[in-house]
Every structure is written in structure tokens, then in C-alpha cells.
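Novice: Quick one: this structure, given as C-alpha cells, is what I'll be asking you about.
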Protein chains: 2
Amino acid sequence: MSNLVHDLISTRASASLLRPGTQLSRQAIERLIALATRAPSSFNLQNWRFVITDTPAAKEKLRAVAYDQSKVTDAAAVVILIGTIPDAERLQLDLARAVSAGLLPHGLDTDWAAAARAKYSNDPQASRDEAIRSASLAAATLMIAAEAEGLATCPMIGFDAAGVAREFGLASDEIPVMLVAIGKASEGSWPQKPRRAVSEVLSYA
Amino acid sequence: MSNLVHDLISTRASASLLRPGTQLSRQAIERLIALATRAPSSFNLQNWRFVITDTPAAKEKLRAVAYDQSKVTDAAAVVILIGTIPDAERLQLDLARAVSAGLLPHGLDTDWAAAARAKYSNDPQASRDEAIRSASLAAATLMIAAEAEGLATCPMIGFDAAGVAREFGLASDEIPVMLVAIGKASEGSWPQKPRRAVSEVLSYA
């Protein structure tokens, strides 16, 4: 198992070109999003949402606020990864259900909700950071899950955030963090871009 | 392959308790970090750095700025995931090497460096977002790579960012984004926390 996962991670390349006309069933999309939601999030906030563009009209609408990039319409589907500002009240309700089900210790729901309230309620930067972090963890998980099905992916930050929020009806506590285009790589898609040596980025404390 | 990766993702649980005394060789750590660096980043910025605490002294030093959480010292190693503020000049040098090697089209180094300069140079929020995003993509990749070796992981945001920056000598353009504790789960570690149904988080545009 180790080697298969490691091979997948080490050989993955973001697809610079996607093959137009590729289809992905909604059942397949939902399976991938279910996997993306298994990503961890702080306090298990799950502060994310996924808007899918998989029709010509939806993809054209997205392309218009994504600098007219052809990947958006050539993809079988593009996932708009949304991070949400942490909501301690909603967290408490979610955790209370897990406590009731015997999955988490008694009292953890109130403890964690209090900790989340203390961390985020008066700190817009910490709140935004958490939205970016959770959605990014989900995005990486989504891409690995898709690659494991033989699909190609390309994460994209080239979009007009205000335009995406407007066109896709995002709430005021929602941040569009990334687009993930999913499809099949075209011939001519670039190879994996080189990485710095581990010795350049790793140190021991 | 698909099913193995999907099984790994769908069954992973953050380890609430790690077994003290677990060892991880530096060779194994470096293999995992090499995999983490295969995560995608905007423009291939690779704006991340990894500081490893794997000795009792280093782990104690980290625990002191991580709310005294026992996971820090019980882990075989804790990775401090650092995101860095994008540096368009460094990006251009890196991309120029890939262009010279024939991996990317001629001129892309100057084009992307200009785009990165335009995006980040006068926008501290976009710069910080990118640091959080890249380090989080690397963190998720790291956790999946470690789980594929039968290791347990726990992402942690419970630390004093200023304390970590001070104790571990972070530069002013570096943000400690997350800790990832790696080791073996103890008996009594919590099961996977419940996730919301896909229907609650997914919609079609």
C-alpha cells in the first residue's frame, strides 16, 4: 500500500491542459467530495463547502470570473472550494451529536466550542486563516482521491474572488479558496514541475 | 489502486493519543517530507519549510509553546509546517531553471514572476493566504503519505505562533501554519469524528 500511495503522490503533476469533452458522473463527483470531507479540520469544524460546475453553462459562468482560462470549460468538472469562517455555535451542535453517540468524551462539545469561541470570535485573521487552512486540506485530499481514479487535476487560484462570490451566491462568511479542475490530461500537458531538494526545505530543531 | 487510496482517506482518524517511545528514522522523515513537497503550490512557489522536532529536547521546547500538549512529546516526530510569504524574485530563478531544462515553455519564468509580483507584492492578505494555502496542501499530502506507511498523524493548530517563531528562529516572512505530530496511535485514541453528509456541503451551480 505504502508504495502505491507514495508513487501516486510523487508522480502527480497538475494538468496544464485538460481534454475537452470528458465526462464525470455526479455519483463519481459525490464520491470524491465525500472523500474530501474526510480531511481533518481544527476542532472538526468542517468549515468548507463545495460548489460544482459540471454543465457547459455553469463552467462558462465560472470561466468568466476565472480570467477566461480554458481549463475551466475543458474540465469534466470544476470544484469551487469554499472555506467558511468558523462558527462555534454550529460546532457545538455538531460535537454534541458525536458526544451523544459515544464517539467523543462527555463535555468535549462545550470545552471545544468554548476554545473555538476564544480563538476565533474576536480575531478575523485567525478566522480567515482557518477557512483557508480547512479548505486547502480538503482540496489536497480531493486531488489525491481523484488521481487515484486515474483522473487529472489542476488547482487554480487564478480567479476573481469577488466575482466568484457574486456569481455563485457565496454568503458573507464564505471565502472562495481554490478551484480544482478535474478531468483527463491532454497530450502536451506539462510534466511535473521540479521541486527543491529536501535539504533546502527541511531542518532539524 | 483507487480503492486502497480511498480506503486510506476514508478511514483515517487524527490520533488524539500517541504512543510514547515510538521512533522514526531521519531517513523515513526525509522520505515523507520529499513526498509533502510534491504537493502543488500556486505558480509552483513551493513557499514552505519544514522544521522537525524528533529529539526529547526539541520536542520539549515545542511543547512549551504548544499549550503543554502531551502529543508533542509522545510523537516520534512533530513537523512544524511553515508557510512563507511569496517571493517573486526567487520564483523567477526557480522557474528559469525549469525553462532551461526544457520542462516549461520559454518565457513562462518571466510571465509567471510578473503575475506573482502583481498578485502579492502590494497585498499582504493575498500573501498570507498563499502561505497558509501552500503549507496546508503540503500538510495534507504529508499526512496521507505517513498514513500509507502505517503511521498515525495528528494536525495541531493549538500553539502560540509568536512563541514558535521565536523558539525556532522563523524569519519575518515565515508563518507557522500547523504542527503535524507523527507516531503510533495509542489504545484509547478517538475514532474518526463524524462528518456532515455530502448533501449538506455539496451543491451544483
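Lettering and numbering for the C-alpha cells are positional, with chains as A, B, ... in the shown order, residues counted from 1 in each chain, and ligands counted from 1 in the shown order.
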Please provide the set of residues having any atom within 8 Å of Glu60 in chain A, restricted to only C-alpha atoms, with same-chain residues fewer than 3 positions apart removed, written as a PyMOL selection string.
Specialist: chain A and resi 56-57+63-64+72-73
Novice: Up to 6 Å from chain B, what residues of chain A turn up? Count only C-alpha atoms and give them as a ChimeraX atom specification.
Specialist: /A:2,10,34-35,38,49-53,58,133,136-137,140,148-149,198,201-205
Novice: Please measure the separation of CA of Ala77 in chain A and CA of Ile175 in chain A, giving the value in Å to one decimal.
Specialist: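 One can read the CA of Ala77 in chain A to CA of Ile175 in chain A distance as 19.8 Å.
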Novice: Assign secondary structure with DSSP using the backbone only, and return the residues of chain B in strand (DSSP E or B) as JSON, numbers by chain.
Specialist: {"B": [18, 48, 49, 50, 51, 52, 53, 77, 78, 79, 80, 81, 82, 83, 84, 152, 153, 154, 155, 156, 174, 175, 176, 177, 178, 179, 180, 181, 182, 183, 185, 202, 203, 204]}
Novice: Taking N, CA, C and O atoms for each residue, export the selection above as a tab-separated table (two decimals), in the first residue's frame.
Specialist:
```
chain	number	residue	atom	x	y	z
B	18	LEU	N	-0.96	9.54	21.23
B	18	LEU	CA	0.15	8.87	20.54
B	18	LEU	C	0.95	8.07	21.57
B	18	LEU	O	1.03	8.44	22.74
B	48	TRP	N	7.15	26.94	1.34
B	48	TRP	CA	7.02	26.18	2.58
B	48	TRP	C	8.39	25.79	3.11
B	48	TRP	O	9.40	25.82	2.41
B	49	ARG	N	8.39	25.45	4.39
B	49	ARG	CA	9.61	24.96	5.04
B	49	ARG	C	9.17	24.04	6.17
B	49	ARG	O	8.06	24.20	6.71
B	50	PHE	N	10.00	23.08	6.50
B	50	PHE	CA	9.63	22.03	7.44
B	50	PHE	C	10.69	21.95	8.54
B	50	PHE	O	11.85	21.63	8.25
B	51	VAL	N	10.31	22.25	9.76
B	51	VAL	CA	11.24	22.11	10.87
B	51	VAL	C	10.79	20.89	11.67
B	51	VAL	O	9.61	20.77	12.05
B	52	ILE	N	11.72	19.98	11.91
B	52	ILE	CA	11.40	18.71	12.55
B	52	ILE	C	11.86	18.72	14.00
B	52	ILE	O	13.02	19.07	14.27
B	53	THR	N	10.98	18.33	14.89
B	53	THR	CA	11.41	18.09	16.27
B	53	THR	C	11.31	16.58	16.50
B	53	THR	O	10.22	16.01	16.50
B	77	ALA	N	7.90	12.21	15.94
B	77	ALA	CA	8.41	13.48	15.41
B	77	ALA	C	7.23	14.42	15.22
B	77	ALA	O	6.11	13.97	14.95
B	78	VAL	N	7.46	15.68	15.40
B	78	VAL	CA	6.46	16.68	15.08
B	78	VAL	C	7.06	17.58	14.01
B	78	VAL	O	8.19	18.08	14.15
B	79	VAL	N	6.31	17.76	12.94
B	79	VAL	CA	6.74	18.63	11.85
B	79	VAL	C	6.09	20.00	12.06
B	79	VAL	O	4.87	20.10	12.16
B	80	ILE	N	6.91	21.03	12.12
B	80	ILE	CA	6.38	22.39	12.12
B	80	ILE	C	6.27	22.81	10.66
B	80	ILE	O	7.29	22.96	9.97
B	81	LEU	N	5.04	22.94	10.18
B	81	LEU	CA	4.80	23.33	8.79
B	81	LEU	C	4.82	24.84	8.70
B	81	LEU	O	3.96	25.50	9.30
B	82	ILE	N	5.73	25.37	7.95
B	82	ILE	CA	5.89	26.81	7.84
B	82	ILE	C	5.50	27.23	6.43
B	82	ILE	O	5.96	26.64	5.44
B	83	GLY	N	4.65	28.24	6.35
B	83	GLY	CA	4.34	28.84	5.05
B	83	GLY	C	5.11	30.14	4.92
B	83	GLY	O	5.29	30.86	5.91
B	84	THR	N	5.60	30.41	3.73
B	84	THR	CA	6.37	31.64	3.55
B	84	THR	C	5.64	32.60	2.62
B	84	THR	O	4.92	32.19	1.71
B	152	ALA	N	0.43	6.99	12.40
B	152	ALA	CA	-0.71	7.82	12.75
B	152	ALA	C	-0.25	9.27	12.75
B	152	ALA	O	0.92	9.57	12.98
B	153	THR	N	-1.19	10.16	12.47
B	153	THR	CA	-0.85	11.59	12.43
B	153	THR	C	-1.90	12.39	13.17
B	153	THR	O	-3.04	11.96	13.31
B	154	CYS	N	-1.49	13.55	13.63
B	154	CYS	CA	-2.45	14.48	14.21
B	154	CYS	C	-2.03	15.90	13.86
B	154	CYS	O	-0.97	16.36	14.28
B	155	PRO	N	-2.88	16.60	13.09
B	155	PRO	CA	-2.59	18.01	12.82
B	155	PRO	C	-2.97	18.82	14.04
B	155	PRO	O	-3.96	18.52	14.70
B	156	MET	N	-2.19	19.84	14.35
B	156	MET	CA	-2.44	20.63	15.56
B	156	MET	C	-2.31	22.12	15.23
B	156	MET	O	-1.30	22.55	14.67
B	174	GLU	N	7.97	34.25	7.50
B	174	GLU	CA	7.55	32.85	7.70
B	174	GLU	C	6.42	32.76	8.73
B	174	GLU	O	6.50	33.40	9.79
B	175	ILE	N	5.41	31.96	8.42
B	175	ILE	CA	4.24	31.79	9.29
B	175	ILE	C	4.14	30.33	9.70
B	175	ILE	O	4.10	29.45	8.83
B	176	PRO	N	4.12	30.05	11.01
B	176	PRO	CA	3.90	28.65	11.41
B	176	PRO	C	2.42	28.33	11.20
B	176	PRO	O	1.55	28.92	11.84
B	177	VAL	N	2.14	27.43	10.27
B	177	VAL	CA	0.76	27.20	9.83
B	177	VAL	C	0.10	26.05	10.58
B	177	VAL	O	-1.09	26.07	10.85
B	178	MET	N	0.88	25.05	10.93
B	178	MET	CA	0.30	23.86	11.53
B	178	MET	C	1.43	23.01	12.09
B	178	MET	O	2.55	23.08	11.58
B	179	LEU	N	1.14	22.23	13.11
B	179	LEU	CA	2.05	21.17	13.53
B	179	LEU	C	1.43	19.85	13.07
B	179	LEU	O	0.21	19.69	13.12
B	180	VAL	N	2.27	18.94	12.62
B	180	VAL	CA	1.78	17.60	12.33
B	180	VAL	C	2.58	16.63	13.18
B	180	VAL	O	3.78	16.45	12.97
B	181	ALA	N	1.90	16.04	14.16
B	181	ALA	CA	2.53	15.02	15.00
B	181	ALA	C	2.42	13.68	14.28
B	181	ALA	O	1.37	13.34	13.74
B	182	ILE	N	3.53	12.94	14.28
B	182	ILE	CA	3.58	11.65	13.59
B	182	ILE	C	4.07	10.60	14.57
B	182	ILE	O	5.03	10.82	15.30
B	183	GLY	N	3.39	9.46	14.61
B	183	GLY	CA	3.81	8.39	15.50
B	183	GLY	C	2.91	7.19	15.36
B	183	GLY	O	2.48	6.88	14.25
B	185	ALA	N	-0.64	5.48	17.04
B	185	ALA	CA	-1.79	5.79	17.89
B	185	ALA	C	-1.79	4.88	19.12
B	185	ALA	O	-1.48	3.69	19.03
B	202	LEU	N	-22.35	19.92	-0.46
B	202	LEU	CA	-22.16	19.96	-1.91
B	202	LEU	C	-23.38	20.55	-2.60
B	202	LEU	O	-24.52	20.25	-2.23
B	203	SER	N	-23.13	21.39	-3.59
B	203	SER	CA	-24.23	21.83	-4.45
B	203	SER	C	-23.72	21.98	-5.87
B	203	SER	O	-22.51	22.14	-6.10
B	204	TYR	N	-24.64	21.91	-6.81
B	204	TYR	CA	-24.30	22.09	-8.22
B	204	TYR	C	-24.70	23.49	-8.65
B	204	TYR	O	-25.79	23.95	-8.32
```
Novice: Where does DSSP see alpha helix (DSSP H) in chain B, if you list the residues as a PyMOL selection string?
Specialist: chain B and resi 2-11+26-36+56-64+70-74+88-100+108-120+124-147+161-167+198-201
Novice: Find the distance between CA of Thr22 in chain A and CA of Ala76 in chain A and write it in Å to one decimal.
Specialist: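 Computing it gives 5.1 Å between the two atoms.
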Novice: Please measure the separation of CA of Asp109 in chain A and CA of Glu89 in chain A, giving the value in Å to one decimal.
Specialist: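 Interatomic distance here is 10.2 Å.
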